[in-house]
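Visitor: See entry.cif below, with mmCIF, C-alpha atoms.
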```cif
data_structure
loop_
_atom_site.group_PDB
_atom_site.id
_atom_site.type_symbol
_atom_site.label_atom_id
_atom_site.label_comp_id
_atom_site.auth_asym_id
_atom_site.auth_seq_id
_atom_site.Cartn_x
_atom_site.Cartn_y
_atom_site.Cartn_z
ATOM 1 C CA MET A 227 26.292 -9.947 -3.697
ATOM 2 C CA ARG A 228 23.909 -12.228 -1.794
ATOM 3 C CA ALA A 229 25.723 -15.330 -2.961
ATOM 4 C CA THR A 230 29.055 -13.854 -1.856
ATOM 5 C CA ALA A 231 27.624 -12.874 1.510
ATOM 6 C CA ALA A 232 26.112 -16.332 2.000
ATOM 7 C CA LEU A 233 29.415 -17.987 1.052
ATOM 8 C CA CYS A 234 31.355 -15.778 3.488
ATOM 9 C CA THR A 235 28.836 -16.593 6.182
ATOM 10 C CA CYS A 236 29.105 -20.336 5.579
ATOM 11 C CA LEU A 237 32.903 -20.259 5.635
ATOM 12 C CA ALA A 238 32.939 -18.183 8.812
ATOM 13 C CA LEU A 239 30.430 -20.531 10.436
ATOM 14 C CA ILE A 240 32.465 -23.612 9.562
ATOM 15 C CA ALA A 241 35.568 -21.979 11.009
ATOM 16 C CA ALA A 242 33.671 -20.928 14.124
ATOM 17 C CA LEU A 243 32.149 -24.353 14.644
ATOM 18 C CA GLY A 244 35.622 -25.857 14.492
ATOM 19 C CA ASN A 245 36.949 -23.481 17.210
ATOM 20 C CA ARG A 246 34.633 -23.812 20.185
ATOM 21 C CA PRO A 247 34.411 -20.727 22.413
ATOM 22 C CA GLN A 248 35.371 -20.881 26.080
ATOM 23 C CA ALA A 249 31.717 -20.772 27.185
ATOM 24 C CA TRP A 250 31.158 -24.173 25.607
ATOM 25 C CA ALA A 251 34.292 -25.832 26.967
ATOM 26 C CA ALA A 252 32.177 -27.528 29.631
ATOM 27 C CA ASP A 253 29.859 -28.975 26.950
ATOM 28 C CA ASP A 254 31.873 -32.113 26.178
ATOM 29 C CA ASP A 255 29.519 -33.662 23.655
ATOM 30 C CA GLY A 256 28.901 -30.395 21.732
ATOM 31 C CA ALA A 257 25.109 -30.756 21.866
ATOM 32 C CA ALA A 258 24.609 -26.990 21.620
ATOM 33 C CA LEU A 259 26.776 -26.831 18.507
ATOM 34 C CA LEU A 260 24.904 -29.728 16.946
ATOM 35 C CA ARG A 261 21.546 -28.026 17.610
ATOM 36 C CA ALA A 262 22.882 -24.763 16.212
ATOM 37 C CA ARG A 263 24.280 -26.503 13.143
ATOM 38 C CA ALA A 264 20.984 -28.298 12.455
ATOM 39 C CA ARG A 265 18.951 -25.089 12.725
ATOM 40 C CA PHE A 266 21.529 -23.226 10.609
ATOM 41 C CA VAL A 267 21.323 -25.848 7.836
ATOM 42 C CA ASP A 268 17.507 -25.636 7.869
ATOM 43 C CA GLY A 269 17.738 -21.845 7.727
ATOM 44 C CA GLU A 270 20.162 -21.983 4.792
ATOM 45 C CA LYS A 271 17.783 -24.212 2.808
ATOM 46 C CA LEU A 272 14.864 -21.848 3.405
ATOM 47 C CA TYR A 273 16.993 -18.780 2.653
ATOM 48 C CA ALA A 274 18.145 -20.319 -0.643
ATOM 49 C CA LEU A 275 14.496 -20.761 -1.625
ATOM 50 C CA GLY A 276 13.741 -17.125 -0.820
ATOM 51 C CA ARG A 277 11.535 -18.056 2.132
ATOM 52 C CA PHE A 278 13.109 -15.431 4.400
ATOM 53 C CA GLU A 279 10.225 -15.297 6.858
ATOM 54 C CA GLU A 280 10.653 -19.028 7.555
ATOM 55 C CA ALA A 281 14.473 -18.895 7.544
ATOM 56 C CA LEU A 282 14.559 -16.129 10.160
ATOM 57 C CA PRO A 283 13.349 -18.241 13.138
ATOM 58 C CA GLU A 284 15.803 -20.984 12.171
ATOM 59 C CA TYR A 285 18.748 -18.567 12.298
ATOM 60 C CA GLU A 286 17.457 -17.099 15.563
ATOM 61 C CA ALA A 287 17.172 -20.585 17.090
ATOM 62 C CA ALA A 288 20.709 -21.361 15.907
ATOM 63 C CA TYR A 289 21.959 -18.168 17.583
ATOM 64 C CA ASN A 290 20.104 -19.066 20.791
ATOM 65 C CA ALA A 291 21.719 -22.515 20.788
ATOM 66 C CA ALA A 292 25.214 -21.214 19.996
ATOM 67 C CA PRO A 293 25.613 -17.404 19.950
ATOM 68 C CA LEU A 294 28.004 -17.106 17.017
ATOM 69 C CA PRO A 295 28.227 -13.644 15.407
ATOM 70 C CA GLU A 296 27.791 -15.151 11.935
ATOM 71 C CA PHE A 297 24.212 -16.051 12.828
ATOM 72 C CA LEU A 298 23.577 -12.349 13.476
ATOM 73 C CA PHE A 299 24.691 -11.584 9.930
ATOM 74 C CA ASN A 300 22.212 -14.140 8.567
ATOM 75 C CA ILE A 301 19.455 -12.747 10.802
ATOM 76 C CA GLY A 302 20.244 -9.277 9.443
ATOM 77 C CA GLN A 303 20.061 -10.544 5.871
ATOM 78 C CA CYS A 304 16.631 -12.087 6.487
ATOM 79 C CA HIS A 305 15.342 -8.858 8.002
ATOM 80 C CA ARG A 306 16.813 -6.858 5.112
ATOM 81 C CA ASN A 307 15.101 -9.062 2.537
ATOM 82 C CA LEU A 308 11.818 -8.794 4.435
ATOM 83 C CA GLY A 309 12.032 -4.989 4.496
ATOM 84 C CA HIS A 310 12.515 -4.799 8.285
ATOM 85 C CA HIS A 311 15.073 -2.000 8.144
ATOM 86 C CA THR A 312 15.375 -1.304 11.876
ATOM 87 C CA GLU A 313 15.793 -4.980 12.813
ATOM 88 C CA ALA A 314 18.333 -5.555 10.031
ATOM 89 C CA ILE A 315 20.405 -2.549 11.117
ATOM 90 C CA PHE A 316 20.335 -3.777 14.719
ATOM 91 C CA ALA A 317 21.488 -7.294 13.725
ATOM 92 C CA PHE A 318 24.282 -5.989 11.474
ATOM 93 C CA LYS A 319 25.560 -3.567 14.126
ATOM 94 C CA LYS A 320 25.516 -6.322 16.760
ATOM 95 C CA PHE A 321 27.418 -8.558 14.327
ATOM 96 C CA LEU A 322 30.127 -5.897 13.935
ATOM 97 C CA ARG A 323 30.326 -5.395 17.725
ATOM 98 C CA GLU A 324 30.706 -9.116 18.372
ATOM 99 C CA LYS A 325 33.122 -9.639 15.499
ATOM 100 C CA PRO A 326 35.045 -6.379 14.944
ATOM 101 C CA THR A 327 37.649 -8.133 12.764
ATOM 102 C CA ALA A 328 35.109 -9.578 10.305
ATOM 103 C CA ASP A 329 36.363 -10.011 6.753
ATOM 104 C CA ASN A 330 33.171 -8.509 5.355
ATOM 105 C CA GLN A 331 33.178 -5.514 7.714
ATOM 106 C CA ALA A 332 33.182 -2.940 4.896
ATOM 107 C CA ALA A 333 30.305 -4.698 3.114
ATOM 108 C CA VAL A 334 28.282 -4.848 6.332
ATOM 109 C CA GLN A 335 28.885 -1.152 7.006
ATOM 110 C CA ALA A 336 27.742 -0.395 3.436
ATOM 111 C CA LEU A 337 24.582 -2.456 4.062
ATOM 112 C CA ILE A 338 23.916 -0.524 7.270
ATOM 113 C CA ALA A 339 24.336 2.813 5.465
ATOM 114 C CA GLU A 340 22.042 1.665 2.644
ATOM 115 C CA LEU A 341 19.381 0.457 5.090
ATOM 116 C CA GLU A 342 19.533 3.676 7.121
ATOM 117 C CA SER A 343 19.129 5.699 3.935
ATOM 118 C CA GLU A 344 16.147 3.585 2.837
ATOM 119 C CA ARG A 345 14.605 3.846 6.302
ATOM 120 C CA GLU A 346 14.912 7.651 6.228
ATOM 121 C CA GLY A 347 13.429 7.739 2.725
ATOM 122 C CA LEU A 348 10.461 5.642 3.841
ATOM 123 C CA ALA A 349 9.939 7.814 6.895
ATOM 124 C CA ALA A 350 9.998 10.955 4.739
ATOM 125 C CA SER A 351 7.511 9.496 2.261
ATOM 126 C CA ARG A 352 5.195 8.450 5.097
ATOM 127 C CA ARG A 353 5.344 11.961 6.520
ATOM 128 C CA SER A 354 4.462 13.476 3.154
ATOM 129 C CA VAL A 355 1.586 11.028 2.648
ATOM 130 C CA PHE A 356 0.010 11.842 5.993
ATOM 131 C CA GLN A 357 0.408 15.611 5.795
ATOM 132 C CA PRO A 358 -2.790 17.340 4.802
ATOM 133 C CA PRO A 359 -2.613 19.050 1.433
ATOM 134 C CA LEU A 360 -2.098 22.771 1.428
ATOM 135 C CA ILE A 361 -5.301 24.567 0.566
ATOM 136 C CA PRO A 362 -4.757 27.841 -1.232
ATOM 137 C CA PRO A 363 -6.476 30.833 0.327
ATOM 138 C CA VAL A 364 -9.813 31.707 -1.183
ATOM 139 C CA GLU A 365 -10.084 35.228 -2.497
ATOM 140 C CA PRO A 366 -13.349 36.979 -1.669
ATOM 141 C CA ARG A 367 -15.699 37.301 -4.599
ATOM 142 C CA GLU A 368 -18.077 40.088 -5.448
ATOM 143 C CA PRO A 369 -21.619 39.243 -4.502
ATOM 144 C CA PRO A 370 -23.785 38.711 -7.559
ATOM 145 C CA ARG A 371 -25.743 41.729 -8.691
ATOM 146 C CA PRO A 372 -29.475 41.441 -8.168
ATOM 147 C CA THR A 373 -31.339 40.729 -11.364
ATOM 148 C CA SER A 374 -34.518 42.365 -12.437
ATOM 149 C CA HIS A 375 -37.707 40.610 -11.409
ATOM 150 C CA ARG A 376 -39.632 41.821 -14.404
ATOM 151 C CA SER A 377 -41.596 38.935 -15.845
ATOM 152 C CA TYR A 378 -40.932 39.854 -19.445
ATOM 153 C CA SER A 379 -37.207 39.406 -19.027
ATOM 154 C CA ARG A 380 -37.622 35.727 -18.501
ATOM 155 C CA TRP A 381 -37.660 33.932 -21.807
ATOM 156 C CA TRP A 382 -39.413 30.821 -20.572
ATOM 157 C CA LEU A 383 -42.370 32.854 -19.325
ATOM 158 C CA LEU A 384 -42.688 34.593 -22.656
ATOM 159 C CA ALA A 385 -42.454 31.298 -24.529
ATOM 160 C CA GLY A 386 -45.176 29.795 -22.337
ATOM 161 C CA LEU A 387 -47.480 32.759 -22.948
ATOM 162 C CA VAL A 388 -46.984 32.477 -26.703
ATOM 163 C CA VAL A 389 -47.851 28.760 -26.641
ATOM 164 C CA VAL A 390 -50.989 29.340 -24.557
ATOM 165 C CA ALA A 391 -52.120 32.241 -26.775
ATOM 166 C CA GLY A 392 -51.548 30.174 -29.902
ATOM 167 C CA ALA A 393 -53.581 27.282 -28.525
ATOM 168 C CA ALA A 394 -56.432 29.579 -27.540
ATOM 169 C CA ALA A 395 -56.507 31.214 -30.972
ATOM 170 C CA THR A 396 -56.466 27.863 -32.702
ATOM 171 C CA PHE A 397 -59.370 26.595 -30.597
ATOM 172 C CA ALA A 398 -61.395 29.736 -31.163
ATOM 173 C CA LEU A 399 -60.873 29.846 -34.903
ATOM 174 C CA TRP A 400 -61.167 26.148 -35.710
ATOM 175 C CA PRO A 401 -64.368 25.384 -37.539
ATOM 176 C CA ALA A 402 -66.768 23.084 -35.734
ATOM 177 C CA GLU A 403 -67.509 19.794 -37.412
ATOM 178 C CA PRO A 404 -71.042 19.381 -38.515
ATOM 179 C CA GLY A 405 -72.928 16.836 -36.470
ATOM 180 C CA PRO A 406 -76.019 14.942 -37.448
ATOM 181 C CA PRO A 407 -78.732 17.200 -38.790
ATOM 182 C CA SER A 408 -81.251 18.148 -36.244
ATOM 183 C CA SER A 409 -84.942 17.596 -36.800
ATOM 184 C CA SER A 410 -88.137 17.871 -34.870
ATOM 185 C CA LEU A 411 -89.241 14.392 -35.849
ATOM 186 C CA GLY A 412 -86.979 12.510 -33.458
ATOM 187 C CA ASN A 413 -85.080 9.310 -34.087
ATOM 188 C CA LEU A 414 -86.407 6.292 -35.853
ATOM 189 C CA ASP A 415 -85.767 2.791 -34.606
ATOM 190 C CA PHE A 416 -85.415 0.133 -37.176
ATOM 191 C CA PRO A 417 -87.192 -3.149 -36.448
ATOM 192 C CA LYS A 418 -85.084 -6.068 -35.603
#
```
Please re-express this file's structure in structure tokens.
Guide:
Amino acid sequence: MRATAALCTCLALIAALGNRPQAWAADDDGAALLRARARFVDGEKLYALGRFEEALPEYEAAYNAAPLPEFLFNIGQCHRNLGHHTEAIFAFKKFLREKPTADNQAAVQALIAELESEREGLAASRRSVFQPPLIPPVEPREPPRPTSHRSYSRWWLLAGLVVVAGAAATFALWPAEPGPPSSSLGNLDFPK
């Protein structure tokens, strides 16, 4: 579809450049048309390479030099490919106003409808992204029942008491190791 649209645009531009509008009748040497043609050719090269952001100013400069409606179609195509829905719709609508008998009028109207639909879809998705999530209401809960503060109901306290009691019993019942025998004679030192 893009190739067909580009071909229609080129053919319409060639036909338009051959028939100079009344506003340019005073321009004997056609300098404005030559400037427009040069910028258009540069824009076409960039568009063919998919460099729409660079092609756009070339088409706009061509339209400023020679305001042919076909340039508006190309400007709209660049904006469409860049995702600038509002600008593309504006350019396409202006194209149809300036050239109501365009051969591709039905295709341009279909593009406008498609872009408006996409723009509405994007706006709806942005609204849903920025809306805060719905928080379900919290049902009141019963307060927890107080527990007994009796010390024997706590297992960890009982376990600790058992360990301490076991250690104390072990220490008390463990036989003492015999040390050196005691005597009233004292210790002997061996000579060196």
Visitor: What is the atom CA of A:Arg265 to atom CA of A:Ala287 distance in Å?
Guide: 6.5 Å
Visitor: Starting from the PyMOL selection byres ((chain A and resi 300) around 10), expand the selection into actual residues of this file and give them as a ChimeraX atom specification.
Guide: /A:231-232,235-236,266,269-270,273,281-282,285-286,289,295-299,301-306,314,317-318,321
Visitor: Rounded to one decimal, what separation in Å do you get between atom CA of A:His310 and atom CA of A:Leu259?
Guide: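 Computing it gives 28.2 Å between the two atoms.
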Visitor: What gap, in Å, lies between atom CA of A:Ala328 and atom CA of A:Pro293?
Guide: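 Interatomic distance, atom CA of A:Ala328 to atom CA of A:Pro293: 15.6 Å.
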Visitor: Under the rule that all atoms listed in the file are counted, which of A:His311, A:Arg277, A:Lys271, A:Arg263 is the nearest residue to A:Ala291?
Guide: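 Of all the options, A:Arg263 lies closest to A:Ala291.
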Visitor: Mind checking which residues fall within 7 Å of stretch 335-341 of chain A, counting only C-alpha atoms, ignoring those fewer than 2 positions away in the same chain, and posting them as a list in words?
Guide: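 Near neighbours after the sequence-gap exclusion: His311, Ile315, Phe318, Gln331, Ala332, Ala333, Ser343, Glu344 and Arg345 of chain A.
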